[in-house]
Structure formats: C-alpha cells, structure tokens
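**Q** Next comes entry.cif, mmCIF, C-alpha atoms:
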data_work
loop_
_atom_site.label_atom_id
_atom_site.label_comp_id
_atom_site.auth_asym_id
_atom_site.auth_seq_id
_atom_site.Cartn_x
_atom_site.Cartn_y
_atom_site.Cartn_z
CA MET I 1 -52.89 160.10 286.98
CA LYS I 2 -51.62 160.77 283.49
CA LYS I 3 -52.18 164.13 281.93
CA THR I 4 -54.13 162.75 278.97
CA HIS I 5 -56.59 161.01 281.25
CA THR I 6 -57.15 164.16 283.30
CA PHE I 7 -57.70 166.31 280.22
CA GLN I 8 -60.22 163.84 278.82
CA SER I 9 -62.15 163.91 282.09
CA ILE I 10 -62.35 167.69 282.01
CA SER I 11 -63.28 167.75 278.35
CA SER I 12 -66.11 165.31 279.00
CA LEU I 13 -67.58 167.89 281.39
CA VAL I 14 -67.25 170.94 279.19
CA TYR I 15 -68.19 169.43 275.83
CA THR I 16 -71.78 169.99 276.82
CA SER I 17 -71.09 173.71 277.14
CA THR I 18 -68.86 173.96 274.08
CA VAL I 19 -68.98 177.22 272.17
CA LEU I 20 -69.53 177.14 268.43
CA PHE I 21 -68.41 180.23 266.53
CA LEU I 22 -70.33 180.16 263.25
CA LEU I 23 -71.62 182.56 260.65
CA VAL I 24 -75.07 183.92 261.44
CA PHE I 25 -77.91 181.83 259.98
CA SER I 26 -75.70 178.73 259.86
CA PHE I 27 -78.02 176.98 262.28
CA ASN I 28 -78.65 173.37 263.17
CA SER I 29 -81.81 172.35 261.33
CA GLN I 30 -82.28 169.45 263.76
CA ALA I 31 -82.53 171.73 266.79
CA THR I 32 -85.21 171.04 269.35
CA ASN I 33 -88.70 172.22 268.41
CA LEU I 34 -89.86 174.95 270.78
CA PHE I 35 -93.14 176.33 272.08
CA GLN I 36 -94.63 173.03 273.08
CA GLU I 37 -97.74 173.43 275.20
CA PRO I 38 -97.83 171.67 278.58
CA ILE I 39 -99.23 168.19 278.30
CA GLN I 40 -100.64 168.07 281.79
CA GLU I 41 -103.25 170.16 283.59
CA ILE I 42 -101.81 172.24 286.43
CA GLN I 43 -103.78 173.43 289.43
CA LYS I 44 -104.40 177.11 290.11
CA ASN I 45 -101.59 178.84 291.98
CA LYS I 46 -101.19 182.16 293.75
CA GLU I 47 -98.12 184.18 292.83
CA PHE I 48 -95.81 185.89 295.32
CA LYS I 49 -92.90 188.18 294.40
CA GLY I 50 -90.28 189.80 296.55
CA HIS I 51 -86.66 190.42 297.51
CA VAL I 52 -84.31 188.70 299.95
CA LEU I 53 -81.81 191.11 301.52
CA ASP I 54 -78.99 191.11 304.03
CA GLY I 55 -80.62 192.36 307.23
CA LYS I 56 -77.76 194.76 308.04
CA SER I 57 -76.44 196.05 304.71
CA LYS I 58 -79.74 195.67 302.81
CA GLU I 59 -77.75 194.23 299.90
CA PRO I 60 -79.63 191.66 297.76
CA LEU I 61 -78.80 187.99 298.34
CA ALA I 62 -78.49 185.67 295.34
CA TYR I 63 -79.05 181.89 295.30
CA VAL I 64 -81.37 181.91 298.31
CA ASP I 65 -83.53 178.78 298.54
CA ILE I 66 -87.25 179.41 299.14
CA ASN I 67 -89.36 176.31 299.72
CA ILE I 68 -92.92 175.61 300.82
CA SER I 69 -92.75 173.68 304.10
CA GLY I 70 -93.85 170.06 303.92
CA THR I 71 -93.58 170.01 300.11
CA ASN I 72 -90.89 169.78 297.45
CA ILE I 73 -92.03 173.02 295.75
CA GLY I 74 -89.53 175.84 295.73
CA THR I 75 -87.59 178.50 293.85
CA ILE I 76 -84.35 180.46 294.14
CA THR I 77 -83.48 184.15 294.09
CA ASN I 78 -81.71 185.68 291.09
CA ASN I 79 -78.56 187.81 291.17
CA GLU I 80 -80.59 190.80 292.34
CA GLY I 81 -82.17 188.91 295.24
CA GLU I 82 -85.59 188.74 293.55
CA PHE I 83 -87.85 185.71 293.73
CA LEU I 84 -91.10 184.48 292.21
CA LEU I 85 -92.99 181.71 294.01
CA LYS I 86 -96.26 180.20 292.77
CA VAL I 87 -98.14 178.53 295.62
CA PRO I 88 -100.95 176.01 294.97
CA SER I 89 -104.13 177.09 296.73
CA GLU I 90 -104.08 174.02 298.99
CA TYR I 91 -100.77 175.19 300.51
CA LEU I 92 -101.67 178.82 301.27
CA ASP I 93 -101.92 178.03 304.99
CA LYS I 94 -98.33 176.76 305.13
CA THR I 95 -95.02 178.57 305.70
CA ILE I 96 -92.05 179.18 303.44
CA LEU I 97 -88.54 178.23 304.49
CA VAL I 98 -85.84 180.71 303.45
CA SER I 99 -82.23 179.53 303.64
CA ILE I 100 -78.76 180.41 302.39
CA LEU I 101 -75.23 179.56 303.50
CA GLY I 102 -74.00 181.80 306.29
CA TYR I 103 -77.42 183.06 307.37
CA THR I 104 -79.99 181.91 309.91
CA LYS I 105 -82.93 180.07 308.34
CA LYS I 106 -86.29 181.87 308.38
CA GLU I 107 -89.81 180.48 308.47
CA ILE I 108 -92.54 182.85 307.25
CA PRO I 109 -96.30 182.17 307.06
CA ILE I 110 -97.44 182.43 303.45
CA ALA I 111 -100.53 184.35 304.63
CA THR I 112 -98.25 187.25 305.69
CA LEU I 113 -96.58 187.63 302.27
CA ASN I 114 -97.37 190.49 299.91
CA ASN I 115 -98.37 189.54 296.40
CA GLU I 116 -96.01 191.97 294.70
CA ASP I 117 -93.07 193.05 296.85
CA THR I 118 -92.27 191.07 299.97
CA LYS I 119 -88.95 192.04 301.56
CA ILE I 120 -87.25 189.29 303.55
CA LEU I 121 -84.29 190.30 305.73
CA MET I 122 -81.75 187.60 306.60
CA GLU I 123 -79.47 187.69 309.64
CA VAL I 124 -75.86 186.51 309.45
CA SER I 125 -75.24 183.43 311.59
CA ILE I 126 -72.27 183.58 313.94
CA THR I 127 -70.48 180.23 314.05
CA GLU I 128 -67.61 179.22 316.26
CA LEU I 129 -66.16 175.78 315.59
CA ASP I 130 -63.37 173.77 317.13
CA ASN I 131 -60.80 172.09 314.93
CA VAL I 132 -62.31 169.46 312.64
CA ASN I 133 -62.34 166.09 314.35
CA ILE I 134 -65.34 164.16 313.02
CA TYR I 135 -65.33 160.44 312.30
CA GLY I 136 -61.59 160.49 312.93
CA ILE I 137 -61.00 162.93 310.05
CA LYS I 138 -58.11 165.30 310.73
CA ASP I 139 -57.32 166.93 307.36
CA ALA I 140 -59.27 168.49 304.49
CA GLU I 141 -58.48 165.88 301.84
CA ALA I 142 -59.66 163.08 304.12
CA LEU I 143 -62.92 164.97 304.64
CA VAL I 144 -63.47 165.26 300.87
CA ARG I 145 -62.73 161.56 300.39
CA ALA I 146 -65.25 160.71 303.11
CA THR I 147 -67.84 162.92 301.41
CA LEU I 148 -67.39 161.11 298.09
CA ASP I 149 -67.52 157.71 299.83
CA ARG I 150 -70.79 158.38 301.67
CA LYS I 151 -73.00 159.44 298.74
CA SER I 152 -75.00 156.19 298.83
CA GLU I 153 -75.84 156.81 302.48
CA PHE I 154 -77.00 160.43 302.53
CA TYR I 155 -78.14 161.19 298.96
CA ASP I 156 -81.46 160.26 297.41
CA ASN I 157 -81.40 156.68 296.14
CA ASP I 158 -84.92 156.61 294.71
CA ASN I 159 -85.91 157.17 291.09
CA THR I 160 -87.10 160.76 291.09
CA LYS I 161 -88.91 162.99 288.60
CA MET I 162 -87.90 166.61 289.03
CA THR I 163 -89.51 169.68 287.48
CA ALA I 164 -86.84 172.23 286.59
CA PHE I 165 -86.68 175.74 285.17
CA TYR I 166 -83.74 176.35 282.85
CA ARG I 167 -82.34 179.55 281.36
CA GLU I 168 -79.51 180.38 278.91
CA THR I 169 -78.29 183.90 278.15
CA ILE I 170 -75.70 185.36 275.81
CA LYS I 171 -74.35 188.84 276.38
CA LYS I 172 -72.05 190.93 274.24
CA ARG I 173 -70.12 192.85 276.86
CA ASN I 174 -72.95 193.98 279.18
CA LYS I 175 -75.79 193.92 276.63
CA ASN I 176 -78.08 190.94 276.22
CA ALA I 177 -78.12 189.36 272.79
CA SER I 178 -80.02 186.14 273.41
CA LEU I 179 -82.26 184.60 276.03
CA SER I 180 -83.81 181.13 276.07
CA GLU I 181 -85.86 179.47 278.78
CA ALA I 182 -87.42 176.04 279.30
CA VAL I 183 -89.45 173.97 281.72
CA LEU I 184 -88.02 170.46 281.96
CA ASN I 185 -88.63 167.11 283.57
CA ILE I 186 -85.47 165.50 284.92
CA TYR I 187 -85.64 161.77 285.52
CA LYS I 188 -82.99 161.54 288.23
CA GLN I 189 -81.27 158.24 288.74
CA PRO I 190 -80.35 157.08 292.27
CA TYR I 191 -77.03 158.40 293.50
CA SER I 192 -75.99 154.83 294.29
CA ASN I 193 -75.77 153.82 290.61
CA THR I 194 -73.77 155.14 287.64
CA LYS I 195 -76.65 155.54 285.16
CA HIS I 196 -76.99 159.03 283.68
CA ASP I 197 -80.10 161.12 284.20
CA ASP I 198 -82.66 161.73 281.43
CA VAL I 199 -84.28 165.05 280.54
CA SER I 200 -87.50 165.81 278.68
CA LEU I 201 -88.73 169.18 277.42
CA LEU I 202 -92.18 170.42 278.50
CA LYS I 203 -92.13 173.98 277.19
CA SER I 204 -89.55 176.54 276.02
CA ARG I 205 -89.01 179.83 274.22
CA LYS I 206 -86.13 181.91 272.87
CA SER I 207 -85.45 185.43 271.65
CA THR I 208 -82.28 186.57 269.92
CA ASP I 209 -81.20 190.02 268.79
CA TYR I 210 -78.69 189.18 266.08
CA SER I 211 -77.60 192.80 265.71
CA ARG I 212 -75.87 192.37 269.06
CA LEU I 213 -73.88 189.44 267.70
CA ASP I 214 -72.32 191.26 264.72
CA THR I 215 -71.24 188.47 262.34
CA LEU I 216 -71.14 185.76 264.97
CA ALA I 217 -73.69 183.44 266.47
CA LEU I 218 -72.79 181.77 269.74
CA LYS I 219 -74.57 178.73 271.05
CA LEU I 220 -74.37 176.61 274.15
CA GLN I 221 -74.17 173.04 272.93
CA GLY I 222 -75.69 170.62 275.40
CA GLY I 223 -78.08 173.09 276.96
CA PRO I 224 -79.70 171.73 280.13
CA PHE I 225 -77.23 168.85 280.47
CA SER I 226 -74.35 171.27 281.00
CA THR I 227 -75.83 172.51 284.28
CA LEU I 228 -77.06 169.06 285.28
CA TYR I 229 -73.47 167.76 285.09
CA THR I 230 -72.36 170.26 287.74
CA ASP I 231 -73.83 167.72 290.18
CA MET I 232 -70.38 166.50 291.22
CA ILE I 233 -71.79 163.88 293.60
CA LYS I 234 -73.69 162.17 290.78
CA TYR I 235 -70.99 162.92 288.17
CA PRO I 236 -67.66 163.09 290.07
CA GLU I 237 -65.73 162.06 286.96
CA TYR I 238 -66.44 165.48 285.42
CA ILE I 239 -64.81 167.47 288.26
CA PHE I 240 -62.81 165.21 290.52
CA ASP I 241 -63.20 161.79 292.08
CA ARG I 242 -61.07 159.55 294.26
CA GLY I 243 -58.88 158.75 291.26
CA ASN I 244 -57.59 162.30 290.69
CA LEU I 245 -57.76 163.91 294.15
CA SER I 246 -53.96 163.70 294.32
CA ASN I 247 -53.84 166.47 291.69
CA TYR I 248 -55.42 168.89 294.19
CA GLN I 249 -54.45 170.60 297.41
CA PHE I 250 -57.20 170.83 300.05
CA THR I 251 -57.26 173.21 303.03
CA PHE I 252 -59.83 174.22 305.64
CA ASP I 253 -61.43 177.67 305.57
CA ALA I 254 -63.59 179.30 308.26
CA SER I 255 -66.72 177.24 308.84
CA THR I 256 -70.24 178.54 308.29
CA GLU I 257 -73.88 177.52 308.81
CA LEU I 258 -76.81 176.33 306.71
CA ASN I 259 -80.30 175.76 308.12
CA ASN I 260 -78.92 176.06 311.64
CA ARG I 261 -76.42 173.24 310.99
CA LEU I 262 -72.66 173.62 311.02
CA VAL I 263 -70.97 173.43 307.62
CA TYR I 264 -67.27 172.84 306.97
CA VAL I 265 -65.67 174.89 304.20
CA VAL I 266 -62.85 173.33 302.18
CA ASN I 267 -60.70 175.27 299.70
CA PHE I 268 -59.26 173.30 296.79
CA LYS I 269 -56.84 174.11 293.98
CA GLN I 270 -54.55 172.22 291.68
CA LYS I 271 -51.03 171.59 292.85
CA ILE I 272 -48.32 173.98 291.68
CA ASN I 273 -46.43 171.29 289.75
CA ASN I 274 -49.50 170.53 287.65
CA ASN I 275 -50.04 172.89 284.69
CA GLU I 276 -53.21 171.30 283.34
CA PRO I 277 -56.47 173.28 283.32
CA LEU I 278 -58.02 171.92 286.53
CA TYR I 279 -60.43 173.51 288.98
CA TYR I 280 -60.22 175.65 292.11
CA GLY I 281 -62.88 176.80 294.54
CA LYS I 282 -64.77 175.95 297.73
CA LEU I 283 -66.71 172.92 298.94
CA TYR I 284 -69.36 173.27 301.66
CA ILE I 285 -69.81 170.03 303.63
CA ASP I 286 -72.50 169.35 306.24
CA SER I 287 -70.79 168.54 309.56
CA GLN I 288 -73.38 165.95 310.64
CA THR I 289 -73.67 163.83 307.49
CA LEU I 290 -70.52 164.85 305.56
CA ALA I 291 -72.79 165.50 302.57
CA LEU I 292 -71.80 168.18 300.07
CA THR I 293 -74.31 171.03 300.42
CA SER I 294 -72.80 173.40 297.85
CA ALA I 295 -69.75 173.95 295.64
CA VAL I 296 -68.51 177.14 293.98
CA TYR I 297 -65.54 176.73 291.67
CA ASN I 298 -63.69 177.93 288.56
CA LEU I 299 -61.55 176.42 285.84
CA ASN I 300 -57.89 177.42 285.74
CA ILE I 301 -57.57 179.15 282.36
CA GLU I 302 -54.05 180.54 282.68
CA ASP I 303 -52.95 178.45 279.71
CA LYS I 304 -55.07 180.12 277.02
CA ASP I 305 -54.29 177.58 274.31
CA LEU I 306 -55.26 174.53 276.38
CA ALA I 307 -58.34 176.27 277.76
CA SER I 308 -59.41 177.30 274.26
CA GLU I 309 -59.08 173.71 273.00
CA MET I 310 -61.50 172.58 275.70
CA PHE I 311 -64.28 174.96 274.69
CA VAL I 312 -63.98 175.98 271.05
CA ARG I 313 -64.94 173.29 268.57
CA LYS I 314 -65.33 175.33 265.39
CA LYS I 315 -64.50 178.89 264.37
CA PRO I 316 -63.43 180.94 261.33
CA ASN I 317 -59.69 180.83 260.61
CA LYS I 318 -59.31 184.60 260.95
CA VAL I 319 -60.51 184.74 264.54
CA LYS I 320 -58.86 183.83 267.85
CA VAL I 321 -61.13 182.81 270.70
CA TYR I 322 -60.15 182.09 274.29
CA PRO I 323 -62.00 181.97 277.62
CA THR I 324 -61.38 184.56 280.33
CA VAL I 325 -63.87 183.20 282.91
CA ALA I 326 -65.22 179.69 283.47
CA SER I 327 -67.19 179.56 286.72
CA TYR I 328 -69.52 176.90 288.12
CA ARG I 329 -71.92 176.46 291.04
CA VAL I 330 -74.02 173.60 292.41
CA ASP I 331 -76.37 173.61 295.41
CA TYR I 332 -78.09 170.66 297.10
CA ARG I 333 -81.28 170.49 299.15
CA THR I 334 -82.25 168.09 301.88
CA LYS I 335 -85.51 166.46 302.95
CA ASN I 336 -86.05 163.63 305.42
CA GLY I 337 -82.30 163.28 305.86
CA LYS I 338 -81.59 162.81 302.13
CA TRP I 339 -79.82 165.32 299.87
CA HIS I 340 -80.51 165.92 296.18
CA TYR I 341 -79.50 168.27 293.38
CA GLY I 342 -81.25 171.64 293.66
CA TYR I 343 -79.49 174.23 291.50
CA GLY I 344 -76.64 174.51 288.99
CA LYS I 345 -75.08 177.41 287.13
CA ILE I 346 -72.30 177.88 284.57
CA GLN I 347 -70.86 181.17 283.35
CA LEU I 348 -68.33 181.34 280.49
CA THR I 349 -66.76 184.55 279.19
CA PHE I 350 -64.81 184.62 275.91
CA LYS I 351 -62.59 187.12 274.13
CA VAL I 352 -63.05 187.11 270.36
CA ASN I 353 -60.22 188.70 268.42
CA TRP I 354 -60.79 189.16 264.68
CA LYS I 355 -57.74 189.61 262.49
CA HIS I 356 -57.33 193.19 261.20
CA LYS I 357 -59.88 194.51 263.73
CA LEU I 358 -58.75 197.06 266.27
CA PHE I 359 -61.02 196.03 269.16
CA ASN I 360 -61.84 192.63 270.65
CA SER I 361 -65.37 191.46 271.34
CA GLU I 362 -66.36 189.88 274.65
CA TYR I 363 -69.22 187.42 275.04
CA THR I 364 -70.61 185.91 278.23
CA LEU I 365 -72.65 182.72 278.07
CA SER I 366 -74.61 181.71 281.17
CA SER I 367 -76.84 178.74 281.89
CA GLU I 368 -78.68 177.95 285.11
CA MET I 369 -81.15 175.35 286.26
CA ALA I 370 -83.32 175.33 289.41
CA ILE I 371 -85.41 172.40 290.66
CA THR I 372 -88.90 173.71 291.43
CA ASP I 373 -90.60 170.44 292.40
CA TRP I 374 -89.83 166.72 292.64
CA LYS I 375 -91.39 163.39 293.55
CA LYS I 376 -90.49 159.73 293.67
CA THR I 377 -91.51 157.88 290.54
CA ASP I 378 -91.27 154.60 288.66
CA GLU I 379 -92.34 156.20 285.37
CA THR I 380 -90.78 154.81 282.21
CA ASN I 381 -92.81 156.90 279.73
CA TYR I 382 -91.37 160.41 279.63
CA LEU I 383 -93.73 163.38 279.69
CA GLY I 384 -92.66 165.70 276.87
CA GLU I 385 -89.91 165.28 274.30
CA LYS I 386 -86.82 163.41 275.52
CA LEU I 387 -83.67 165.46 274.95
CA SER I 388 -80.24 164.35 273.79
CA PRO I 389 -77.20 165.47 275.84
CA ARG I 390 -76.06 167.28 272.67
CA VAL I 391 -79.30 169.21 272.16
CA ILE I 392 -79.13 172.82 270.94
CA LEU I 393 -82.17 174.99 271.63
CA ASN I 394 -83.89 176.34 268.52
CA GLU I 395 -83.03 179.82 267.24
CA LYS I 396 -86.62 180.85 266.55
CA ALA I 397 -87.15 184.38 267.99
CA SER I 398 -90.64 184.32 269.43
CA GLY I 399 -92.64 183.72 272.56
CA PHE I 400 -91.75 186.64 274.82
CA SER I 401 -94.74 188.71 273.75
CA ASP I 402 -97.05 186.50 275.86
CA PRO I 403 -96.85 187.49 279.55
CA GLU I 404 -98.81 184.34 280.54
CA PHE I 405 -96.49 182.01 278.64
CA TRP I 406 -95.36 179.98 281.66
CA GLY I 407 -98.83 179.56 283.14
CA GLU I 408 -98.59 178.04 286.61
CA TYR I 409 -94.97 176.88 286.43
CA ASN I 410 -92.52 178.17 289.03
CA ILE I 411 -89.68 180.11 287.43
CA ILE I 412 -86.53 182.03 288.37
CA GLU I 413 -87.10 185.78 288.23
CA PRO I 414 -84.97 187.33 285.44
CA GLU I 415 -82.53 190.12 286.21
CA LYS I 416 -83.66 193.61 285.21
CA SER I 417 -81.18 193.76 282.33
CA ILE I 418 -82.74 190.63 280.83
CA GLU I 419 -86.25 192.03 281.25
CA ASN I 420 -85.18 195.20 279.42
CA ALA I 421 -83.63 193.14 276.64
CA ILE I 422 -86.88 191.22 276.19
CA LYS I 423 -88.84 194.46 275.93
CA LYS I 424 -86.49 195.77 273.23
CA ILE I 425 -86.71 192.51 271.29
CA ASN I 426 -90.49 192.55 271.55
CA LYS I 427 -90.60 196.06 270.07
CA GLN I 428 -88.59 194.83 267.11
CA LEU I 429 -90.90 191.84 266.68
CA GLU I 430 -93.98 194.11 266.79
CA LYS I 431 -92.73 196.43 264.01
CA PRO I 432 -94.57 195.81 260.72
CA GLU I 433 -92.49 194.31 257.96
CA ALA I 434 -91.39 196.71 255.26
#
Please express what this file holds, its structure, as structure tokens.
**A**
Amino acid sequence: MKKTHTFQSISSLVYTSTVLFLLVFSFNSQATNLFQEPIQEIQKNKEFKGHVLDGKSKEPLAYVDINISGTNIGTITNNEGEFLLKVPSEYLDKTILVSILGYTKKEIPIATLNNEDTKILMEVSITELDNVNIYGIKDAEALVRATLDRKSEFYDNDNTKMTAFYRETIKKRNKNASLSEAVLNIYKQPYSNTKHDDVSLLKSRKSTDYSRLDTLALKLQGGPFSTLYTDMIKYPEYIFDRGNLSNYQFTFDASTELNNRLVYVVNFKQKINNNEPLYYGKLYIDSQTLALTSAVYNLNIEDKDLASEMFVRKKPNKVKVYPTVASYRVDYRTKNGKWHYGYGKIQLTFKVNWKHKLFNSEYTLSSEMAITDWKKTDETNYLGEKLSPRVILNEKASGFSDPEFWGEYNIIEPEKSIENAIKKINKQLEKPEA
C-alpha cells in the first residue's frame, strides 16, 4: 500500500481527536448546547459503590466490567479500581458479573453488596495453552485476518440503541484544567454493514479552570466520536484492515483468559522498513469464536514532524507542538454469543514549546466512553440532539455544583484528582463577583 494512502487512513482516525491550539476565549460559537435535561422518565435505582482489587497484591484493577446478570446494564472501574453501579429496584435480587482479562470471573449477589464501599477481590487465572492450531490457523497474521473476516458471524448485526457515559479531561502536567461529561445515545449500526453510527446528546456538563491553561485553550475536536472510532471491528479502516496488514508484523504472546474462556494474545507493530506513523500494541482474541475481545495500542510517534501534522490543525506561529503519547483502548462485551462495543479510551500527551520561553508545557487530553445499557431498536427518531462527528463540547463552566446532576444514569466513577479539581472549580464559581 502506498504511503499516502496509509497516512490518509490514519489521519481519518485522528482528525476526530485533533488538537486546536488557540487563544483563550477564541471559542466556537456553534458548539453544542449543554445542560439539557433528560427527555425520558427513568425508574428509581439503588446506588452501589466500591473497589475492585487484585486478590493477592490488593492493587486496584482498572477497566473491570461490572454487569447485572440477565440485563445489558453495566459499568466499568476507573483507573483507581473504583466503580459506581445504579441498579433498578426490579433487579435487586439478581447478581453482578465481574470480569477482566487475566482474572477469573466472579458472580456476586447484589443483596450482599455494601452501598458505599464494597471491596471485590479478583483471582488471577492460570492458563496453559498448546500452540495455536484452531481452524487451521498456524501463525498470528492468519489469526488476525480470520478475526476481521468473521465479524458478520460473531458481532451484533441488529440495529441497537446504546446508552453511554462519556468523559473528556485536559490536564496541564498532573493538574486538571478541564473536565466535561455527557450521557449519550449511540445508534449502533450492524457490524455487517459499512454505515457509520449516529450519536445523540441527552445531558452534559463542563467545567474549565482557564488559569491552568495559561494563554492556551485546548479542545478535543470530535468529542464522543473519537472514542467510538476505536471500535476497530466496525471501523477497521481507521486502524488496520485486510488492505494494510502487510505493513505490520504479528507475533503470538502468552495467552490469557476472559470469563473462563481462553484468549489468544497477538502483538503487532509496524515493520522496520516502514517509517510511517503506524500503530503497535496487543490484540486479545477469543479462542472459540475468533472475535476480538479487547485491543490496547499506541501510535508510533518517533517522527515528531509527521506525528504533529496528524494532530495539530491550528496553532500560533511562535509555538511548536508535538505529541509524546498517543494511546488507545477498546473493549468488547458478549451476550447470547454476540459481541459488541463496550468501552473506548484515548489518551494524548503534547509538549508545547513557546519561543523565548525557558520551560515547555505539557498537556494530556483524555477521552473515554463506556456503554451502560443497550437494546435492539428500529427507532428512526433520535432521542436528544443528534451530534455531528465534528462536534466540540461547549466551554460553559457550570453544572458541577449539583451533586444530583446525573439523576439515575449509570456513570464512570471519576479519579480522585478529578474530584478534587471539581471541588476547587466549584469554590471559584461560588465566590461573589467583585
């Protein structure tokens, strides 16, 4: 494949997470209107909070799936292993299913959970596998090709409406400067067709401490669509597909386990003779169905100039900007033998070097999306405001002063540093104007 074609494919992925370096208050006046109230009535839920930890080391486990058995309702732990699950009263007699790659799945009766601080200990699964020899596949690249070929067979091919919680953060070094959150409806197209998914906004809020941003404002252009496009089974053209697999080298790693099923682990990286900014990471493939269960990967940013061209669309002439980290993650869930998108995350870190300034600034932009519920649907009228793939969330700093803002919606628990940042922003908002 020609270099220009490859670069265009990558750019089409990252344009939705392009960074704009603009003067403060130079904002998009057409940005999405925030603070919409939910349009539908939601039943009363009971809230459960807790931590998921490694049973031996007691270290917190991130990205753990927690789902109510027999339903599509669920959440995911944050980087500190914390979770928040809101259970409808009709499901209080059910169990929760707790699962993560490399650990044995747990089933826990909801009636035994504490309301405030449930601690769930996970045990590492010990897996011993023979050499890969499934469906006649004998090498890692053939396994990946088979995975891409079988998406119509083992992924959801119904029209589906998903409820999702979405969060964007901007940090200057280790201090939070901006936080925005939203509840979305995702109208997911069948995996068997090439139509893109649609997204509508139900409710959202944002707080920004511009003193943390000095004379810069950073925005994630594309918002929710950037994480949605990490679904490499639905959107293989944005990462790799059968047409550009020859640019990558695939090798087997030690296998693992998910939900008591064997999972093959495939390492991938671009070939040495290819200097384009391509991806490297790990693919986790279910041994029974050959479905992709998870992918964790990064962009090769060794060539700073090429990498910068991919992300930076506009900046002042006296500043140099280049990425130092571009990492991605996607997780899938399964029900009734069919897999679907469950979670996506993007983290981008940039160095900002102003001319005639002694020290560089470093900004980290993160976006993540978790599916909290889903159902089959034939709806054509979208609930909430339909979003454009190029949407930029509004800059209005408000909303975090209301602790009941999300009502009964399931959400991802914020990390402690984000909670502290919200408190500081709230104090500033509460100060009387001079």
**Q** Any chance you could work out the residue set of the PyMOL selection byres ((chain I and resi 251) around 7) here, as a PyMOL selection string?
**A** chain I and resi 140+249-250+252-253+266-268
**Q** Output C-alpha atoms for every residue in that selection, as a tab-separated table (two decimals), in the frame of the given file.
**A**
chain	number	residue	atom	x	y	z
I	140	ALA	CA	-59.27	168.49	304.49
I	249	GLN	CA	-54.45	170.60	297.41
I	250	PHE	CA	-57.20	170.83	300.05
I	252	PHE	CA	-59.83	174.22	305.64
I	253	ASP	CA	-61.43	177.67	305.57
I	266	VAL	CA	-62.85	173.33	302.18
I	267	ASN	CA	-60.70	175.27	299.70
I	268	PHE	CA	-59.26	173.30	296.79
**Q** How many Å separate CA of Thr364 in chain I from CA of Thr169 in chain I?
**A**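 A separation of 7.9 Å between them.
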**Q** Given the file shown, determine the residues that the PyMOL selection byres ((chain I and resi 145-149) around 7) selects; report them as a VMD selection string.
**A** chain I and resid 141 to 144 150 to 151 233 242 290 to 292
**Q** Work out how far CA of Asn298 in chain I is from CA of Tyr248 in chain I, in Å to one decimal.
**A**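 Spanning CA of Tyr248 in chain I to CA of Asn298 in chain I is a straight-line distance of 13.5 Å.
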**Q** Tell me which protein, DNA and RNA residues are within 9 Å of Ile371 in chain I, counting all atoms listed in the file, leaving out same-chain ones fewer than 2 positions away, and put them as a list in words.
**A**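 Once the nearby chain positions are removed, what remains is Ile73, Gly74, Thr75, Ile76, Met162, Thr163, Ala164, Phe165, Tyr166, Ile186, Tyr341, Gly342, Tyr343, Met369, Asp373 and Trp374 of chain I.
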**Q** Where does the PyMOL selection byres ((chain I and resi 306) around 10) land in this file, that is, which residues does it pick, as a VMD selection string?
**A** chain I and resid 7 275 to 277 301 to 305 307 to 311 322
